[in-house]
Amino acid sequence: MIFDNFRRQLRQEAQLWQDEGLIDADFYQVLAQRYQFNNLETAARDRFVFILIAVGATLLGLGVITFVAANWQALSREARLILLLSLFLTTNIAGFSLWRQPANNNISSRGRKRRQQVFGEGLLILGALTIGANMALLAQMFHISGSSYELFLGWGLAVLLMAYSLRLTSLGMLALILVLIGYSTGLFDWYFTRNELTLGRIVIEHIPLALSVLFVPLAYWCRSRWIFRIAAIAFVIFWQFHLKSLEILTYTDAPPWIAIATFVLPSALLWSYDDLLFVRVSSRLFQPFARILTLAFFSIMFYFLSFRWLWEARTVGYQAQFRNTSLATWLPFIDVAIFTVLALWQWWHLLRPTRNQERQGIDVKTIFIGSLIVITALFIFIHQAITPIPAIPIFAFNVLLAVLGFGLVREALELGQRQAFWGGIFLLTLQIISRMLEYDTALLFKSFVFVLCGVAVIFAGLWFERYLSTLPASSNSSTHRS
């Protein structure tokens with residue numbers, strides 16, 4: 001999609017260059033053949049057709065399921081089983097046959113093959129959707145009890161197997177969405193029903209580990225950035241639910257390593273993530289997003305840790321939650337040990353001396369992020385293990401939030417990046433307004449702060465745009481790409 005936008009913009013610029021006489025017709029034809037200008041409309045039409053087929057396949061599947069449900073009671077058990085299996089096998093076999101068309105060198109045949117592949121992928125998506133209906137209806141036929149989240153988890157794992165087999169990003173995204181729905185629906189049972197140890201419960205309790213093991217290799221297998229992005233964001237969010245991050249600091253009897261793992265491990269894992277550590281990976285396909293997500297996690301974490309209520313609220317009873325419960329309650333903390341070892345291994349590879357580091361030294365950003373991680377862990381350890389010091393962490397995390405905001409602004413000035421600049425301005429403005437609203441201040445002072453922040457944001461934006469206009473052309477082009 002991004003490459004098609006680049007080709008479309010390049011075609012417009014090349015036509016303008018030809019009209020202005022900067023290039024001749026022969027050079028334009030060279031560019032047209034190299035970047036395949038003639039296939040832009042075909043690619044856009046194929047995407048539109050794929051969206052139509054996907055939507056149509058979904059509606060068709062819902063229609064078939066509704067029709068079967070309407071006549072379900074009139075059918076015998078054997079007829080129901082034959083109907084379900086026939087629908088599943090027909091859609092998947094037809095979709096696979098169209099999707100795996102043999103290659104042809106003819107241009108017209110190549111376009112027809114592409115349309116057949118799009119239609120076959122739509123049928124495969126329809127076949128994946130029928131898996132859930134088959135599982136639900138078969139469970140009803142044979143009186144197999146189960147929860148809704150177990151249905152979604154099993155459905156997602158079945159589609160995941162199809163995605164690995166066919167190497168299709170669309171099926172991988174569908175499997176990821178189904179697993180996330182299964183976790184969301186099963187989270188309530190995980191909090192309040194802890195006596196049973198089933199396969200669905202194990203997946204729910206180890207969802208961060210399951211996302212890493214199941215979907216990160218699939219992202220490399222399909223070379224899909226979106227699978228990795230959604231899986232990484234879900235990992236960070238579910239990790240907080242996994243260890244109850246907003247509650248852990250309020251307990252005086254909670255083990256300090258749990259709080260440290262809650263607030264430190266995600267950033268330590270993401271920043272030290274390197275694609276080249278894996279076998280048969282030759283490019284850093286996902287590392288840039290992992291580091292952007294690290295900065296986003298730091299921003300949100302420092303913002304929440306800067307509020308005084310989180311540090312001043314002190315309760316007892318954390319150990320009582322686990323005193324009379326089964327071993328299944330402690331199973332999620334196995335993930336802490338696994339990800340801690342993984343984080344240490346990644347940081348060892350990140351900090352070990354190499355030829356480039358011997359000449360240039362360790363990256364300043366890595367030192368900065370490592371310092372933030374160590375400082376966060378140190379304050380949490382002192383507050384949880386040694387003595388409660390609510391005033392010092394409140395002041396410290398406000399300072400860290402301001403430092404992170406100024407750091408983003410400084411990086412934006414060096415690299416000419418609008419996203420980093422506005423991210424830093426947003427953090428600084430949000431911090432000032434939050435502290436003003438958190439503490440008891442007069443209404444007139446609140447009005448003055450709002451006006452001052454608004455004027456500062458306007459002047460900062462205008463100054464930064466003027467600053468960008470003074471940068472070299474290469475920096476401006478990188479700014480527009482960002």
# chains A, B, ... in the order shown; residues from 1 in each chain; ligands from 1
call {"tool": "residues_around", "arguments": {"residues": "region 242-248 of chain A", "least_positions_apart": "3", "cutoff": "8 Å", "atoms": "only C-alpha atoms", "output": "PyMOL selection string"}}
result
chain A and resi 205+238-239+251+254+258-259+262-263+310+332
call {"tool": "residues_around", "arguments": {"residues": "Arg284 (chain A)", "least_positions_apart": "2", "cutoff": "12 Å", "atoms": "only C-alpha atoms", "output": "PyMOL selection string"}}
result
chain A and resi 220+223+225+273-278+280-282+286-291
call {"tool": "residues_around", "arguments": {"residues": "Gly127 (chain A)", "least_positions_apart": "2", "cutoff": "6 Å", "atoms": "only C-alpha atoms", "output": "ChimeraX atom specification"}}
result
/A:88,91-92,124-125,129-130
call {"tool": "residues_around", "arguments": {"residues": "Thr376 (chain A)", "least_positions_apart": "6", "cutoff": "9 Å", "atoms": "only C-alpha atoms", "output": "list of chain:residue names"}}
result
A:Ile260, A:Phe263, A:Val264, A:Pro393, A:Phe397
call {"tool": "residues_around", "arguments": {"residues": "Ala268 (chain A)", "least_positions_apart": "3", "cutoff": "10 Å", "atoms": "only C-alpha atoms", "output": "VMD selection string"}}
result
chain A and resid 261 263 to 265 271 to 273 294 339 to 340 342 to 344 346 to 347 369 to 370 372 to 374
